[in-house]
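To keep things clear, I will list the structure first and then write my remarks on it.
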Amino acid sequence: MKEVFQTDRGKVRLHNEDAGGVFINLDGDRLAIVADGMGGHRAGDVASEMSVSHLKQEWEKTKGIIDAETAETWLEEQIKKVNEILFDHALSHTECDGMGTTIVAAIATSLFATMANIGDSRGYILNESGFKQITEDHSLVNELVRTGQISKEDAEHHPRKNVLLRALGTEKTVEMDIKTITFEEGDLLLLCS
């Protein structure tokens with residue numbers, strides 16, 4: 001299995017609020033993460049970096065992710081732990097009040113990939129069927145498209161397209177989407193903000 005991680009601050013922001021990487025556990029399985037600190041909020045870079053740091057630390061001492069159920073449980077438990085850490089940190093550090101991050105994470109084994117996401121960072125697969133988005137954005141505009149109130153074309157230029165309905169660290173509890181897909185040799189995963 002090969003992996004690449006790359007980040008760029010873009011043309012608008014003065015500093016990069018993204019964090020991520022690909023990490024290997026004791027069995028040689030991969031955990032890929034992209035966390036996008038919330039722009040316009042205080043300490044978005046702190047939130048994304050803390051999220052990746054905690055997940056990396058826990059993943060590198062993990063073994064025994066042998067099936068989708070185990071992978072889904074691991075992601076759910078660890079991401080909920082990260083949410084508590086971020087929320088408590090923001091409460092005790094006033095300079096971090098309101099900090100948050102989106103996250104998409106994927107456990108990749110030779111047989112399956114399990115993906116979790118919160119916010120609008122995305123996960124895709126490229127296989128013999130083509131390029132397909134696996135995750136669902138937790139944004140106001142995506143909810144309007146999903147419920148038929150606006151078209152996908154309208155969503156591209158909607159004035160509130162950056163409004164998130166879910167983020168990691170901004171509330172005491174958090175809901176995430178978790179999906180497992182079969183993963184075959186030659187398939188590619190793309191995680192992005």
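Numbering starts fresh at 1 for the residues of each chain in the structure tokens, the chains themselves are lettered A, B, ... in the order given, and ligands are numbered from 1 as they appear.
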When DSSP works through the backbone of this structure, what residues of segment 7-147 of chain A end up as strand (DSSP E), shown as an mmCIF file with N, CA and C atoms, in the first residue's frame?
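Result file result-v6.cif:
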data_model
loop_
_atom_site.group_PDB
_atom_site.id
_atom_site.type_symbol
_atom_site.label_atom_id
_atom_site.label_comp_id
_atom_site.auth_asym_id
_atom_site.auth_seq_id
_atom_site.Cartn_x
_atom_site.Cartn_y
_atom_site.Cartn_z
ATOM 1 N N ASP A 18 -4.903 23.394 8.162
ATOM 2 C CA ASP A 18 -5.074 21.968 7.887
ATOM 3 C C ASP A 18 -4.005 21.168 8.620
ATOM 4 N N ALA A 19 -4.374 19.943 8.980
ATOM 5 C CA ALA A 19 -3.417 18.985 9.536
ATOM 6 C C ALA A 19 -3.813 17.620 9.009
ATOM 7 N N GLY A 20 -2.890 16.702 9.030
ATOM 8 C CA GLY A 20 -3.218 15.359 8.580
ATOM 9 C C GLY A 20 -1.991 14.510 8.423
ATOM 10 N N GLY A 21 -2.197 13.364 7.835
ATOM 11 C CA GLY A 21 -1.103 12.441 7.594
ATOM 12 C C GLY A 21 -1.622 11.032 7.423
ATOM 13 N N VAL A 22 -0.685 10.130 7.189
ATOM 14 C CA VAL A 22 -0.989 8.708 7.085
ATOM 15 C C VAL A 22 -0.097 8.002 8.087
ATOM 16 N N PHE A 23 -0.707 7.173 8.933
ATOM 17 C CA PHE A 23 -0.001 6.550 10.042
ATOM 18 C C PHE A 23 -0.212 5.038 10.006
ATOM 19 N N ILE A 24 0.774 4.293 10.509
ATOM 20 C CA ILE A 24 0.760 2.833 10.438
ATOM 21 C C ILE A 24 0.651 2.260 11.845
ATOM 22 N N ARG A 30 -3.146 1.130 7.676
ATOM 23 C CA ARG A 30 -3.017 2.584 7.591
ATOM 24 C C ARG A 30 -4.233 3.302 8.175
ATOM 25 N N LEU A 31 -3.958 4.454 8.764
ATOM 26 C CA LEU A 31 -4.987 5.420 9.145
ATOM 27 C C LEU A 31 -4.606 6.722 8.459
ATOM 28 N N ALA A 32 -5.470 7.180 7.561
ATOM 29 C CA ALA A 32 -5.254 8.453 6.870
ATOM 30 C C ALA A 32 -6.226 9.472 7.450
ATOM 31 N N ILE A 33 -5.737 10.696 7.672
ATOM 32 C CA ILE A 33 -6.561 11.734 8.303
ATOM 33 C C ILE A 33 -6.351 13.059 7.584
ATOM 34 N N VAL A 34 -7.451 13.787 7.379
ATOM 35 C CA VAL A 34 -7.391 15.184 6.973
ATOM 36 C C VAL A 34 -8.317 15.950 7.909
ATOM 37 N N ALA A 35 -7.759 16.948 8.586
ATOM 38 C CA ALA A 35 -8.531 17.807 9.490
ATOM 39 C C ALA A 35 -8.332 19.242 9.031
ATOM 40 N N ASP A 36 -9.425 19.957 8.833
ATOM 41 C CA ASP A 36 -9.384 21.333 8.339
ATOM 42 C C ASP A 36 -9.911 22.240 9.436
ATOM 43 N N GLY A 37 -8.992 22.934 10.111
ATOM 44 C CA GLY A 37 -9.379 23.874 11.157
ATOM 45 C C GLY A 37 -10.334 24.898 10.602
ATOM 46 N N THR A 101 -12.829 21.889 14.055
ATOM 47 C CA THR A 101 -12.224 21.371 12.835
ATOM 48 C C THR A 101 -13.172 20.388 12.170
ATOM 49 N N THR A 102 -13.065 20.295 10.867
ATOM 50 C CA THR A 102 -13.716 19.196 10.164
ATOM 51 C C THR A 102 -12.736 18.035 10.214
ATOM 52 N N ILE A 103 -13.222 16.844 9.940
ATOM 53 C CA ILE A 103 -12.307 15.700 9.887
ATOM 54 C C ILE A 103 -12.867 14.641 8.957
ATOM 55 N N VAL A 104 -11.978 14.019 8.220
ATOM 56 C CA VAL A 104 -12.282 12.792 7.502
ATOM 57 C C VAL A 104 -11.102 11.868 7.771
ATOM 58 N N ALA A 105 -11.417 10.643 8.170
ATOM 59 C CA ALA A 105 -10.381 9.668 8.500
ATOM 60 C C ALA A 105 -10.754 8.336 7.893
ATOM 61 N N ALA A 106 -9.745 7.602 7.434
ATOM 62 C CA ALA A 106 -9.994 6.295 6.828
ATOM 63 C C ALA A 106 -8.987 5.284 7.339
ATOM 64 N N ILE A 107 -9.517 4.167 7.829
ATOM 65 C CA ILE A 107 -8.685 3.006 8.130
ATOM 66 C C ILE A 107 -8.660 2.174 6.857
ATOM 67 N N ALA A 108 -7.454 1.890 6.368
ATOM 68 C CA ALA A 108 -7.324 1.121 5.129
ATOM 69 C C ALA A 108 -6.549 -0.161 5.406
ATOM 70 N N PHE A 112 -10.577 -3.899 3.182
ATOM 71 C CA PHE A 112 -11.640 -2.908 3.302
ATOM 72 C C PHE A 112 -11.065 -1.562 3.717
ATOM 73 N N ALA A 113 -11.901 -0.538 3.539
ATOM 74 C CA ALA A 113 -11.584 0.802 4.031
ATOM 75 C C ALA A 113 -12.804 1.287 4.801
ATOM 76 N N THR A 114 -12.560 1.790 6.000
ATOM 77 C CA THR A 114 -13.627 2.337 6.833
ATOM 78 C C THR A 114 -13.368 3.823 6.991
ATOM 79 N N MET A 115 -14.369 4.629 6.642
ATOM 80 C CA MET A 115 -14.228 6.072 6.634
ATOM 81 C C MET A 115 -15.194 6.724 7.611
ATOM 82 N N ALA A 116 -14.707 7.726 8.341
ATOM 83 C CA ALA A 116 -15.556 8.522 9.230
ATOM 84 C C ALA A 116 -15.367 9.981 8.855
ATOM 85 N N ASN A 117 -16.455 10.756 8.934
ATOM 86 C CA ASN A 117 -16.309 12.184 8.654
ATOM 87 C C ASN A 117 -17.280 13.017 9.482
ATOM 88 N N ILE A 118 -16.815 14.244 9.744
ATOM 89 C CA ILE A 118 -17.607 15.278 10.408
ATOM 90 C C ILE A 118 -17.293 16.573 9.675
ATOM 91 N N ARG A 122 -13.858 15.601 2.783
ATOM 92 C CA ARG A 122 -14.469 14.511 2.019
ATOM 93 C C ARG A 122 -13.558 13.311 1.812
ATOM 94 N N GLY A 123 -14.221 12.171 1.535
ATOM 95 C CA GLY A 123 -13.540 10.955 1.148
ATOM 96 C C GLY A 123 -14.111 10.439 -0.161
ATOM 97 N N TYR A 124 -13.220 10.038 -1.066
ATOM 98 C CA TYR A 124 -13.592 9.507 -2.375
ATOM 99 C C TYR A 124 -12.890 8.167 -2.606
ATOM 100 N N ILE A 125 -13.437 7.373 -3.513
ATOM 101 C CA ILE A 125 -12.758 6.170 -3.995
ATOM 102 C C ILE A 125 -12.686 6.237 -5.518
ATOM 103 N N LEU A 126 -11.574 5.762 -6.044
ATOM 104 C CA LEU A 126 -11.407 5.584 -7.481
ATOM 105 C C LEU A 126 -11.158 4.106 -7.706
ATOM 106 N N ASN A 127 -12.075 3.459 -8.428
ATOM 107 C CA ASN A 127 -11.925 2.037 -8.748
ATOM 108 C C ASN A 127 -12.423 1.798 -10.165
ATOM 109 N N GLY A 130 -15.175 3.917 -11.434
ATOM 110 C CA GLY A 130 -14.966 5.351 -11.593
ATOM 111 C C GLY A 130 -14.680 6.029 -10.268
ATOM 112 N N PHE A 131 -14.822 7.343 -10.267
ATOM 113 C CA PHE A 131 -14.521 8.194 -9.113
ATOM 114 C C PHE A 131 -15.828 8.482 -8.394
ATOM 115 N N LYS A 132 -15.911 8.173 -7.090
ATOM 116 C CA LYS A 132 -17.163 8.325 -6.365
ATOM 117 C C LYS A 132 -16.919 8.909 -4.976
ATOM 118 N N GLN A 133 -17.749 9.899 -4.617
ATOM 119 C CA GLN A 133 -17.685 10.459 -3.272
ATOM 120 C C GLN A 133 -18.342 9.474 -2.303
#
(request) Assign secondary structure with DSSP using the backbone only, and return the residues of segment 25-162 of chain A in helix (DSSP H, G or I) as a PyMOL selection string. (result) chain A and resi 44-60+68-92+94-96+140-146+152-156
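Separating atom CA of Gly64 of chain A from atom CA of Leu26 of chain A is a distance of 8.5 Å.
When only C-alpha atoms are used to compute distances to Leu86 of chain A, the closest of the residues A:Val174, A:Ile66, A:Ile134, A:Ala155 turns out to be A:Val174.
Distances here use only C-alpha atoms; by that measure, the residue among A:Thr180, A:Ser151, A:Asn142, A:Ser193 closest to Ala71 of chain A is A:Thr180.
Proximity of A:Ser121, A:Gln57, A:Ser139, A:Gln78 to Leu165 of chain A, computed with only C-alpha atoms, is greatest for A:Ser139.
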